[in-house]
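Raw contents of query_20.tsv, TSV, C-alpha atoms:
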chain	number	residue	atom	x	y	z
M	1	MET	CA	-19.29	9.38	-34.65
M	2	LEU	CA	-18.63	9.63	-30.94
M	3	PRO	CA	-20.40	6.96	-28.89
M	4	GLY	CA	-21.70	9.38	-26.26
M	5	PRO	CA	-22.04	8.68	-22.53
M	6	SER	CA	-21.63	5.00	-21.75
M	7	GLY	CA	-21.06	2.95	-18.62
M	8	PHE	CA	-18.96	0.56	-20.69
M	9	TYR	CA	-16.41	3.23	-21.62
M	10	ALA	CA	-16.29	4.45	-18.02
M	11	ARG	CA	-15.55	0.92	-16.80
M	12	LEU	CA	-12.98	0.50	-19.56
M	13	GLY	CA	-11.30	3.72	-18.46
M	14	ASN	CA	-11.16	2.50	-14.87
M	15	ALA	CA	-9.67	-0.79	-16.02
M	16	LEU	CA	-6.98	1.03	-18.00
M	17	LEU	CA	-6.12	3.19	-15.00
M	18	GLY	CA	-5.84	0.05	-12.90
M	19	ALA	CA	-3.52	-1.50	-15.48
M	20	PHE	CA	-1.31	1.61	-15.41
M	21	ALA	CA	-1.19	1.36	-11.61
M	22	VAL	CA	0.08	-2.22	-11.86
M	23	TYR	CA	2.73	-1.08	-14.35
M	24	ASN	CA	3.80	1.74	-12.02
M	25	VAL	CA	4.43	-0.70	-9.18
M	26	TYR	CA	6.32	-3.02	-11.52
M	27	LEU	CA	8.59	-0.19	-12.68
M	28	ILE	CA	9.40	0.95	-9.14
M	29	ALA	CA	10.27	-2.57	-7.99
M	30	ARG	CA	12.31	-3.24	-11.13
M	31	TYR	CA	14.29	-0.03	-10.79
M	32	TYR	CA	15.18	-0.59	-7.14
M	33	HIS	CA	15.83	-4.31	-7.42
M	34	SER	CA	15.14	-6.44	-10.50
M	35	HIS	CA	12.70	-7.52	-13.17
M	36	GLN	CA	11.70	-10.45	-10.98
M	37	ALA	CA	10.88	-8.14	-8.07
M	38	GLY	CA	8.65	-6.11	-10.37
M	39	VAL	CA	6.83	-9.19	-11.60
M	40	VAL	CA	6.32	-10.59	-8.10
M	41	ALA	CA	5.02	-7.23	-6.85
M	42	ALA	CA	2.64	-6.89	-9.79
M	43	LEU	CA	1.25	-10.44	-9.73
M	44	PRO	CA	-1.34	-10.01	-6.93
M	45	MET	CA	-2.47	-6.69	-8.39
M	46	THR	CA	-3.01	-8.45	-11.71
M	47	PHE	CA	-4.76	-11.62	-10.58
M	48	TYR	CA	-6.57	-10.86	-7.31
M	49	PRO	CA	-10.29	-11.35	-8.07
M	50	SER	CA	-11.22	-8.46	-5.78
M	51	ILE	CA	-8.87	-6.04	-7.52
M	52	VAL	CA	-9.99	-7.14	-10.97
M	53	ALA	CA	-13.62	-6.76	-9.91
M	54	VAL	CA	-13.20	-3.29	-8.43
M	55	GLN	CA	-11.14	-1.98	-11.33
M	56	SER	CA	-13.75	-3.14	-13.84
M	57	THR	CA	-16.52	-1.14	-12.15
M	58	LEU	CA	-17.27	2.56	-11.68
M	59	LEU	CA	-15.84	2.66	-8.16
M	60	ARG	CA	-13.32	5.42	-7.48
M	61	GLU	CA	-10.62	3.26	-5.89
M	62	ALA	CA	-9.06	2.56	-9.30
M	63	ILE	CA	-8.60	6.29	-9.91
M	64	VAL	CA	-7.10	6.80	-6.46
M	65	LEU	CA	-4.74	3.85	-6.91
M	66	PHE	CA	-3.63	5.19	-10.28
M	67	GLY	CA	-3.01	8.65	-8.85
M	68	ILE	CA	-0.99	7.46	-5.85
M	69	THR	CA	1.15	4.96	-7.76
M	70	THR	CA	1.77	7.40	-10.60
M	71	ALA	CA	2.88	10.06	-8.13
M	72	ALA	CA	5.19	7.52	-6.48
M	73	ARG	CA	6.66	6.61	-9.86
M	74	LEU	CA	7.22	10.25	-10.78
M	75	LEU	CA	8.88	11.02	-7.45
M	76	LEU	CA	10.96	7.86	-7.06
M	77	LEU	CA	12.18	7.13	-10.58
M	78	PRO	CA	14.57	9.39	-12.50
M	79	SER	CA	13.74	10.39	-16.05
M	80	HIS	CA	15.93	11.66	-18.88
M	81	ARG	CA	12.90	13.04	-20.73
M	82	ARG	CA	11.72	15.54	-18.13
M	83	SER	CA	13.17	17.70	-15.41
M	84	ARG	CA	12.73	17.01	-11.72
M	85	LEU	CA	10.59	20.11	-11.43
M	86	LEU	CA	8.23	18.81	-14.10
M	87	SER	CA	8.07	15.44	-12.34
M	88	TYR	CA	7.12	17.17	-9.09
M	89	ALA	CA	4.45	19.19	-10.87
M	90	LEU	CA	2.96	16.12	-12.55
M	91	ALA	CA	3.01	14.24	-9.25
M	92	ALA	CA	1.13	17.11	-7.62
M	93	VAL	CA	-1.49	17.01	-10.39
M	94	VAL	CA	-2.20	13.27	-10.13
M	95	LEU	CA	-2.27	13.45	-6.33
M	96	HIS	CA	-4.76	16.30	-6.57
M	97	VAL	CA	-6.94	14.20	-8.87
M	98	SER	CA	-6.82	11.29	-6.43
M	99	LEU	CA	-7.73	13.61	-3.55
M	100	LEU	CA	-10.72	14.86	-5.52
M	101	GLN	CA	-11.96	11.27	-5.38
M	102	ARG	CA	-11.12	10.70	-1.70
M	103	ASP	CA	-10.21	13.89	0.14
M	104	ASP	CA	-9.89	11.99	3.43
M	105	ASN	CA	-6.58	10.63	2.12
M	106	VAL	CA	-4.96	14.05	2.50
M	107	ILE	CA	-3.65	13.23	5.98
M	108	ILE	CA	-2.04	10.05	4.66
M	109	ILE	CA	-0.36	11.77	1.72
M	110	VAL	CA	0.85	14.71	3.81
M	111	ALA	CA	2.28	12.37	6.45
M	112	ALA	CA	4.11	10.29	3.83
M	113	ILE	CA	5.60	13.30	2.04
M	114	ALA	CA	6.57	15.03	5.30
M	115	ALA	CA	8.33	11.90	6.58
M	116	ALA	CA	10.24	11.46	3.31
M	117	LEU	CA	11.28	15.12	3.27
M	118	ALA	CA	12.43	14.96	6.89
M	119	VAL	CA	14.66	11.95	6.22
M	120	HIS	CA	15.99	13.59	3.07
M	121	ALA	CA	16.77	16.77	5.01
M	122	VAL	CA	18.68	14.82	7.65
M	123	ASN	CA	20.59	12.76	5.09
M	124	SER	CA	21.48	15.87	3.09
M	125	GLY	CA	22.64	17.81	6.13
M	126	TYR	CA	19.89	20.42	5.99
M	127	LEU	CA	18.78	19.28	9.43
M	128	SER	CA	21.24	18.31	12.13
M	129	ARG	CA	20.62	15.42	14.47
M	130	ARG	CA	20.44	17.93	17.29
M	131	SER	CA	17.54	19.66	15.54
M	132	VAL	CA	15.79	16.33	15.11
M	133	ALA	CA	16.29	15.53	18.80
M	134	LEU	CA	14.89	18.94	19.74
M	135	ALA	CA	11.85	18.40	17.54
M	136	ALA	CA	11.30	14.97	19.09
M	137	SER	CA	11.48	16.45	22.59
M	138	LEU	CA	8.81	18.99	21.65
M	139	SER	CA	6.48	16.38	20.17
M	140	PRO	CA	4.54	15.91	23.46
M	141	VAL	CA	3.77	19.63	23.43
M	142	ALA	CA	2.55	19.39	19.85
M	143	PHE	CA	0.41	16.40	20.81
M	144	VAL	CA	-1.25	18.30	23.65
M	145	LEU	CA	-1.91	21.30	21.43
M	146	SER	CA	-3.46	19.09	18.75
M	147	LEU	CA	-5.72	17.16	21.14
M	148	PRO	CA	-8.90	19.02	20.08
M	149	VAL	CA	-8.27	18.07	16.45
M	150	ILE	CA	-7.45	14.48	17.44
M	151	ARG	CA	-10.68	14.21	19.45
M	152	ASP	CA	-12.67	15.48	16.47
M	153	GLY	CA	-11.00	12.85	14.31
M	154	ILE	CA	-11.82	10.10	16.81
M	155	GLU	CA	-15.45	11.21	16.89
M	156	PHE	CA	-15.57	11.08	13.09
M	157	LEU	CA	-14.08	7.57	13.01
M	158	ALA	CA	-16.50	6.41	15.71
M	159	TYR	CA	-19.44	7.81	13.75
M	160	THR	CA	-18.15	6.11	10.60
M	161	ARG	CA	-17.96	2.74	12.38
M	162	GLU	CA	-21.50	3.13	13.73
M	163	VAL	CA	-22.89	3.95	10.29
M	164	ARG	CA	-21.10	1.05	8.58
M	165	ALA	CA	-21.81	-1.55	11.30
M	166	SER	CA	-24.37	-3.53	9.33
M	167	GLY	CA	-24.55	-6.26	6.72
M	168	ARG	CA	-23.35	-9.84	6.42
M	169	THR	CA	-19.64	-8.98	6.26
M	170	VAL	CA	-19.56	-6.87	9.43
M	171	TYR	CA	-16.94	-7.61	12.09
M	172	LEU	CA	-16.38	-6.25	15.61
M	173	PRO	CA	-19.44	-3.96	15.34
M	174	ASP	CA	-19.57	-3.27	19.09
M	175	VAL	CA	-15.98	-2.00	19.27
M	176	ILE	CA	-16.11	1.77	18.85
M	177	PRO	CA	-13.07	3.67	20.19
M	178	GLN	CA	-14.09	6.89	21.90
M	179	THR	CA	-10.82	8.10	23.44
M	180	VAL	CA	-7.17	8.38	22.45
M	181	VAL	CA	-6.28	5.41	24.66
M	182	GLU	CA	-9.04	3.26	23.17
M	183	LEU	CA	-8.04	4.28	19.65
M	184	THR	CA	-4.41	3.39	20.33
M	185	ALA	CA	-5.35	0.02	21.81
M	186	PHE	CA	-7.64	-0.87	18.93
M	187	SER	CA	-5.53	0.55	16.10
M	188	TRP	CA	-3.43	-2.57	15.50
M	189	VAL	CA	-6.50	-4.83	15.63
M	190	GLY	CA	-8.34	-2.68	13.12
M	191	ALA	CA	-5.26	-2.57	10.90
M	192	VAL	CA	-4.95	-6.37	10.89
M	193	TYR	CA	-8.61	-6.84	9.97
M	194	PHE	CA	-8.37	-4.13	7.34
M	195	LEU	CA	-5.39	-5.75	5.60
M	196	TYR	CA	-6.16	-9.45	5.95
M	197	ALA	CA	-9.89	-10.08	6.56
M	198	PRO	CA	-11.86	-12.23	6.02
M	199	PHE	CA	-10.17	-14.78	8.23
M	200	PRO	CA	-11.06	-18.49	7.91
M	201	TRP	CA	-13.72	-18.34	10.65
M	202	MET	CA	-15.47	-15.50	8.79
M	203	ILE	CA	-15.85	-17.31	5.44
M	204	GLU	CA	-19.40	-18.20	4.43
M	205	THR	CA	-19.53	-17.98	0.63
M	206	ILE	CA	-17.30	-18.65	-2.38
M	207	PRO	CA	-16.46	-14.93	-2.80
M	208	ASP	CA	-15.50	-14.90	0.89
M	209	LEU	CA	-13.18	-17.82	0.23
M	210	LEU	CA	-11.51	-16.05	-2.70
M	211	VAL	CA	-10.94	-12.86	-0.72
M	212	GLY	CA	-9.82	-14.96	2.26
M	213	ILE	CA	-7.13	-16.56	0.11
M	214	GLU	CA	-6.05	-13.07	-0.89
M	215	GLY	CA	-5.73	-12.24	2.80
M	216	LEU	CA	-3.42	-15.20	3.36
M	217	ILE	CA	-1.28	-14.10	0.41
M	218	ASN	CA	-1.23	-10.59	1.88
M	219	ILE	CA	0.19	-12.05	5.10
M	220	ALA	CA	2.93	-13.82	3.14
M	221	PHE	CA	3.81	-10.59	1.33
M	222	THR	CA	3.90	-8.75	4.65
M	223	VAL	CA	6.45	-11.22	6.00
M	224	ALA	CA	8.58	-10.90	2.86
M	225	ALA	CA	8.25	-7.11	3.04
M	226	VAL	CA	10.58	-7.09	6.06
M	227	TRP	CA	13.50	-7.93	3.77
M	228	GLY	CA	12.19	-5.60	1.10
M	229	VAL	CA	12.16	-2.66	3.49
M	230	ARG	CA	15.77	-3.35	4.39
M	231	SER	CA	16.83	-3.60	0.75
M	232	LEU	CA	15.00	-0.48	-0.44
M	233	GLY	CA	16.04	1.42	2.67
M	234	GLN	CA	19.69	0.96	1.76
M	235	LYS	CA	19.08	2.46	-1.69
M	236	ASN	CA	16.54	5.18	-0.94
M	237	SER	CA	15.84	5.74	2.73
M	238	PRO	CA	13.55	8.80	2.29
M	239	ALA	CA	11.29	6.86	-0.08
M	240	THR	CA	11.25	3.86	2.23
M	241	VAL	CA	10.32	5.91	5.27
M	242	GLY	CA	7.71	7.88	3.34
M	243	LEU	CA	6.04	4.74	2.01
M	244	LEU	CA	6.06	3.09	5.43
M	245	VAL	CA	4.64	6.13	7.21
M	246	GLY	CA	1.92	6.56	4.59
M	247	LEU	CA	1.03	2.87	4.81
M	248	CYS	CA	0.91	2.88	8.61
M	249	VAL	CA	-1.25	6.00	8.80
M	250	ALA	CA	-3.57	4.60	6.13
M	251	VAL	CA	-4.12	1.19	7.71
M	252	VAL	CA	-4.68	2.71	11.15
M	253	LEU	CA	-7.21	5.30	9.99
M	254	TYR	CA	-9.03	3.00	7.59
M	255	GLY	CA	-8.70	0.08	10.00
M	256	VAL	CA	-10.47	2.01	12.74
M	257	GLY	CA	-13.08	3.43	10.38
M	258	THR	CA	-13.83	0.15	8.60
M	259	VAL	CA	-16.18	-2.39	10.15
M	260	ASN	CA	-16.91	-4.85	7.34
M	261	TYR	CA	-14.50	-6.65	5.07
M	262	GLY	CA	-16.44	-5.87	1.91
M	263	THR	CA	-15.60	-2.21	2.35
M	264	GLY	CA	-12.13	-3.05	3.63
M	265	MET	CA	-11.42	-5.16	0.55
M	266	ARG	CA	-12.09	-2.14	-1.68
M	267	HIS	CA	-10.31	0.45	0.41
M	268	ARG	CA	-7.11	-1.49	1.06
M	269	GLN	CA	-6.45	-1.68	-2.67
M	270	MET	CA	-5.38	1.96	-2.53
M	271	PHE	CA	-2.49	1.16	-0.18
M	272	ILE	CA	-1.63	-2.53	-0.14
M	273	TRP	CA	0.49	-2.08	-3.24
M	274	VAL	CA	3.17	-0.77	-0.86
M	275	ILE	CA	3.27	-4.18	0.83
M	276	PHE	CA	3.40	-5.86	-2.58
M	277	LEU	CA	6.28	-3.58	-3.56
M	278	PHE	CA	8.32	-4.35	-0.47
M	279	GLY	CA	7.27	-7.99	-0.57
M	280	GLY	CA	8.30	-8.42	-4.20
M	281	ILE	CA	11.73	-7.00	-3.41
M	282	GLY	CA	11.98	-9.13	-0.27
M	283	VAL	CA	11.12	-12.34	-2.11
M	284	SER	CA	13.63	-11.54	-4.83
M	285	GLU	CA	16.32	-10.94	-2.22
M	286	HIS	CA	16.24	-14.62	-1.27
M	287	VAL	CA	14.59	-16.56	-4.09
M	288	ARG	CA	15.31	-16.69	-7.80
M	289	PHE	CA	12.66	-17.99	-10.19
M	290	ALA	CA	13.44	-19.66	-13.50
M	291	TRP	CA	10.87	-20.22	-16.23
M	292	PRO	CA	8.75	-22.24	-16.24
M	293	PHE	CA	8.70	-24.05	-12.91
M	294	GLN	CA	12.22	-24.23	-11.51
M	295	TRP	CA	13.17	-22.15	-8.52
M	296	TRP	CA	16.00	-22.02	-6.05
M	297	SER	CA	17.26	-19.78	-3.29
M	298	ASP	CA	20.52	-17.91	-3.52
M	299	ASP	CA	21.94	-19.94	-0.65
M	300	SER	CA	20.97	-23.22	-2.26
M	301	ALA	CA	22.47	-22.19	-5.59
M	302	THR	CA	25.70	-21.16	-3.88
M	303	SER	CA	25.86	-24.43	-1.96
M	304	THR	CA	25.26	-26.43	-5.13
M	305	GLN	CA	28.03	-24.59	-6.97
M	306	ALA	CA	30.42	-25.18	-4.09
M	307	LEU	CA	29.53	-28.87	-4.00
M	308	ASN	CA	30.05	-29.24	-7.74
M	309	SER	CA	33.41	-27.50	-7.60
M	310	GLY	CA	34.45	-29.78	-4.76
M	311	THR	CA	33.56	-32.93	-6.65
M	312	ASP	CA	35.47	-31.74	-9.70
Is it possible to give me this structure as structure tokens?
Amino acid sequence: MLPGPSGFYARLGNALLGAFAVYNVYLIARYYHSHQAGVVAALPMTFYPSIVAVQSTLLREAIVLFGITTAARLLLLPSHRRSRLLSYALAAVVLHVSLLQRDDNVIIIVAAIAAALAVHAVNSGYLSRRSVALAASLSPVAFVLSLPVIRDGIEFLAYTREVRASGRTVYLPDVIPQTVVELTAFSWVGAVYFLYAPFPWMIETIPDLLVGIEGLINIAFTVAAVWGVRSLGQKNSPATVGLLVGLCVAVVLYGVGTVNYGTGMRHRQMFIWVIFLFGGIGVSEHVRFAWPFQWWSDDSATSTQALNSGTD
């Protein structure tokens, strides 16, 4: 007999989708670097208390995360079981499902795909560098023509900040960008708070402390991601550019529209996996882990081998 409607089964479904999202990130990192890179990238997604909490509830972020990471897996990893056309179709389906949950992510997804396609077109010779230079020279004209749309977007973000500027976890409630210049000036500040808050001076409770520790780990992954971007860029530059553009657009838009770290903690889960992916690859570029507790860097291992050979 079927159990009928149940909150338990809905939460279980969300948890399973979250688990699949972790596996997607692991597979991408493993394919482009190593098993270790996949494990390192998946660890924070597996053990962060905030991620575990959100993915065991009825919140929609787990569905969005599953859709985005599954689309990335379908687009970035080759498969012998299905054609590329089928992979593209399946990616479109899961992205559509994720957009049904959060349609405001459409700008982020379009920007990421457009950037990846542009780099692919240049690398494949479909677009010459002269065409790219011409398009870049015309970008100011496109910016001026799109100013009405940009102003509408700024008004929407300002309204969102005003509505959300309440509660114990609020930060910078009086900062509400109203112009393009103000938005540009505040964008990096909002992005930093969105990705890493709460900072130590904002911690008041034990849950704050746990999420604050996550923020510190996020900073470490961001530093390691510099090497990961370089490594992945050498193997798949369109994917690297697409992921970076999507991440940057996401953290700017959500960073400006978010004004408390409770909301930011939930929303950043949809995108911070990109930092974990690059960070896992970056860590594995320089550090090798051995089970259970031994670790060494590539340089140290090389130096040790040279020293041993010299003493022999």
For segment 120-136 of chain M, please output as a JSON list (two decimals) with C-alpha atoms, in the frame of the given file all residues within 12 Å (counting only C-alpha atoms; exclusion window: fewer than 6 positions along the same chain).
[["chain", "number", "residue", "atom", "x", "y", "z"],
["M", 113, "ILE", "CA", 5.60, 13.30, 2.04],
["M", 114, "ALA", "CA", 6.57, 15.03, 5.30],
["M", 142, "ALA", "CA", 2.55, 19.39, 19.85],
["M", 143, "PHE", "CA", 0.41, 16.40, 20.81],
["M", 236, "ASN", "CA", 16.54, 5.18, -0.94],
["M", 237, "SER", "CA", 15.84, 5.74, 2.73],
["M", 238, "PRO", "CA", 13.55, 8.80, 2.29],
["M", 239, "ALA", "CA", 11.29, 6.86, -0.08],
["M", 240, "THR", "CA", 11.25, 3.86, 2.23],
["M", 241, "VAL", "CA", 10.32, 5.91, 5.27],
["M", 242, "GLY", "CA", 7.71, 7.88, 3.34]]
Counting all atoms listed in the file, give me one row per residue of segment 147-242 of chain M with an atom at most 12 Å from an atom of segment 268-284 of chain M, showing the shortest contact pair and its distance in Å to one decimal, sorted by chain then residue number, as a Markdown table.
| residue | atom | partner | partner_atom | distance |
| --- | --- | --- | --- | --- |
| M:Ala191 | CA | M:Arg268 | CA | 10.1 |
| M:Val192 | CA | M:Arg268 | CA | 11.2 |
| M:Tyr193 | CA | M:Arg268 | CA | 10.5 |
| M:Phe194 | CA | M:Arg268 | CA | 6.9 |
| M:Leu195 | CA | M:Arg268 | CA | 6.5 |
| M:Tyr196 | CA | M:Arg268 | CA | 9.4 |
| M:Ala197 | CA | M:Arg268 | CA | 10.6 |
| M:Glu214 | CA | M:Ile272 | CA | 11.5 |
| M:Gly215 | CA | M:Ile272 | CA | 10.9 |
| M:Ile217 | CA | M:Phe276 | CA | 9.9 |
| M:Asn218 | CA | M:Ile275 | CA | 7.9 |
| M:Ile219 | CA | M:Ile275 | CA | 9.5 |
| M:Ala220 | CA | M:Gly279 | CA | 8.2 |
| M:Phe221 | CA | M:Gly279 | CA | 4.7 |
| M:Thr222 | CA | M:Ile275 | CA | 6.0 |
| M:Val223 | CA | M:Gly279 | CA | 7.4 |
| M:Ala224 | CA | M:Gly279 | CA | 4.7 |
| M:Ala225 | CA | M:Gly279 | CA | 3.8 |
| M:Val226 | CA | M:Gly282 | CA | 6.8 |
| M:Trp227 | CA | M:Gly282 | CA | 4.5 |
| M:Gly228 | CA | M:Gly282 | CA | 3.8 |
| M:Val229 | CA | M:Phe278 | CA | 5.8 |
| M:Arg230 | CA | M:Gly282 | CA | 8.3 |
| M:Ser231 | CA | M:Ile281 | CA | 7.4 |
| M:Leu232 | CA | M:Phe278 | CA | 7.7 |
| M:Gly233 | CA | M:Phe278 | CA | 10.1 |
| M:Ala239 | CA | M:Val274 | CA | 11.2 |
| M:Thr240 | CA | M:Phe278 | CA | 9.1 |
| M:Val241 | CA | M:Val274 | CA | 11.5 |
| M:Gly242 | CA | M:Val274 | CA | 10.6 |
Counting all atoms listed in the file, find the residues whose atoms lie at most 8 Å from (-14.5, -4.9, 8.8) (file coordinates) and write them out as an mmCIF file with C-alpha atoms, keeping the file's coordinate frame.
data_model
loop_
_atom_site.group_PDB
_atom_site.id
_atom_site.type_symbol
_atom_site.label_atom_id
_atom_site.label_comp_id
_atom_site.auth_asym_id
_atom_site.auth_seq_id
_atom_site.Cartn_x
_atom_site.Cartn_y
_atom_site.Cartn_z
ATOM 1 C CA THR M 169 -19.640 -8.980 6.260
ATOM 2 C CA VAL M 170 -19.560 -6.870 9.430
ATOM 3 C CA TYR M 171 -16.940 -7.610 12.090
ATOM 4 C CA LEU M 172 -16.380 -6.250 15.610
ATOM 5 C CA GLY M 190 -8.340 -2.680 13.120
ATOM 6 C CA TYR M 193 -8.610 -6.840 9.970
ATOM 7 C CA PHE M 194 -8.370 -4.130 7.340
ATOM 8 C CA ALA M 197 -9.890 -10.080 6.560
ATOM 9 C CA GLY M 255 -8.700 0.080 10.000
ATOM 10 C CA THR M 258 -13.830 0.150 8.600
ATOM 11 C CA VAL M 259 -16.180 -2.390 10.150
ATOM 12 C CA ASN M 260 -16.910 -4.850 7.340
ATOM 13 C CA TYR M 261 -14.500 -6.650 5.070
ATOM 14 C CA GLY M 262 -16.440 -5.870 1.910
ATOM 15 C CA THR M 263 -15.600 -2.210 2.350
ATOM 16 C CA GLY M 264 -12.130 -3.050 3.630
#
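Atom CA of Pro173 of chain M to atom CA of Gly153 of chain M spans 18.8 Å [interatomic distance, one decimal].
Of the listed residues M:Arg81, M:Gly7, M:Ala116, M:Thr70, the one whose atoms come nearest to Ser98 of chain M is M:Thr70, with distances taken using all atoms listed in the file.
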Contact check, segment 163-220 of chain M to segment 48-53 of chain M, at most 9 Å, counting all atoms listed in the file, closest pairs as CSV:
residue,atom,partner,partner_atom,distance
M:Pro207,CA,M:Ser50,CA,8.8
M:Leu210,CA,M:Pro49,CA,7.2
M:Val211,CA,M:Ser50,CA,6.7
M:Glu214,CA,M:Tyr48,CA,6.8
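If you look at atom CA of Thr69 of chain M and atom CA of Phe20 of chain M, they are 8.7 Å away from each other.
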Within 10 Å of (-14.7, 7.2, -15.0) (coordinates as in the file), grab all the protein and nucleic acid residues, counting only C-alpha atoms, and write them out as a list in words. Ser6, Gly7, Phe8, Tyr9, Ala10, Arg11, Leu12, Gly13, Asn14, Ala15, Leu17, Thr57, Leu58, Leu59, Arg60, Ala62 and Ile63 of chain M
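Atom CA of Leu77 of chain M is found 9.0 Å from atom CA of Tyr32 of chain M.
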Any chance you could turn segment 58-83 of chain M into a file with C-alpha atoms, as a PDB file, in the first residue's frame?
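The file below, result.pdb, is the result:
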ATOM      1  CA  LEU M  58      11.629  20.919   2.342  1.00  0.00           C
ATOM      2  CA  LEU M  59      13.590  23.934   1.113  1.00  0.00           C
ATOM      3  CA  ARG M  60      14.075  24.175  -2.640  1.00  0.00           C
ATOM      4  CA  GLU M  61      17.833  24.805  -2.628  1.00  0.00           C
ATOM      5  CA  ALA M  62      18.537  21.054  -2.694  1.00  0.00           C
ATOM      6  CA  ILE M  63      16.537  20.676  -5.910  1.00  0.00           C
ATOM      7  CA  VAL M  64      18.294  23.647  -7.500  1.00  0.00           C
ATOM      8  CA  LEU M  65      21.711  22.329  -6.474  1.00  0.00           C
ATOM      9  CA  PHE M  66      20.882  18.922  -7.918  1.00  0.00           C
ATOM     10  CA  GLY M  67      19.702  20.448 -11.184  1.00  0.00           C
ATOM     11  CA  ILE M  68      22.739  22.683 -11.673  1.00  0.00           C
ATOM     12  CA  THR M  69      25.344  20.062 -10.755  1.00  0.00           C
ATOM     13  CA  THR M  70      23.632  17.390 -12.842  1.00  0.00           C
ATOM     14  CA  ALA M  71      23.574  19.714 -15.842  1.00  0.00           C
ATOM     15  CA  ALA M  72      27.268  20.463 -15.306  1.00  0.00           C
ATOM     16  CA  ARG M  73      28.032  16.750 -15.139  1.00  0.00           C
ATOM     17  CA  LEU M  74      26.079  16.043 -18.325  1.00  0.00           C
ATOM     18  CA  LEU M  75      27.776  18.875 -20.197  1.00  0.00           C
ATOM     19  CA  LEU M  76      31.327  18.419 -18.918  1.00  0.00           C
ATOM     20  CA  LEU M  77      31.758  14.647 -18.743  1.00  0.00           C
ATOM     21  CA  PRO M  78      31.754  12.382 -21.811  1.00  0.00           C
ATOM     22  CA  SER M  79      29.593   9.280 -21.823  1.00  0.00           C
ATOM     23  CA  HIS M  80      29.771   6.101 -23.883  1.00  0.00           C
ATOM     24  CA  ARG M  81      26.160   5.247 -23.060  1.00  0.00           C
ATOM     25  CA  ARG M  82      24.468   8.280 -24.596  1.00  0.00           C
ATOM     26  CA  SER M  83      25.034  10.708 -27.425  1.00  0.00           C
TER      27      SER M  83
END
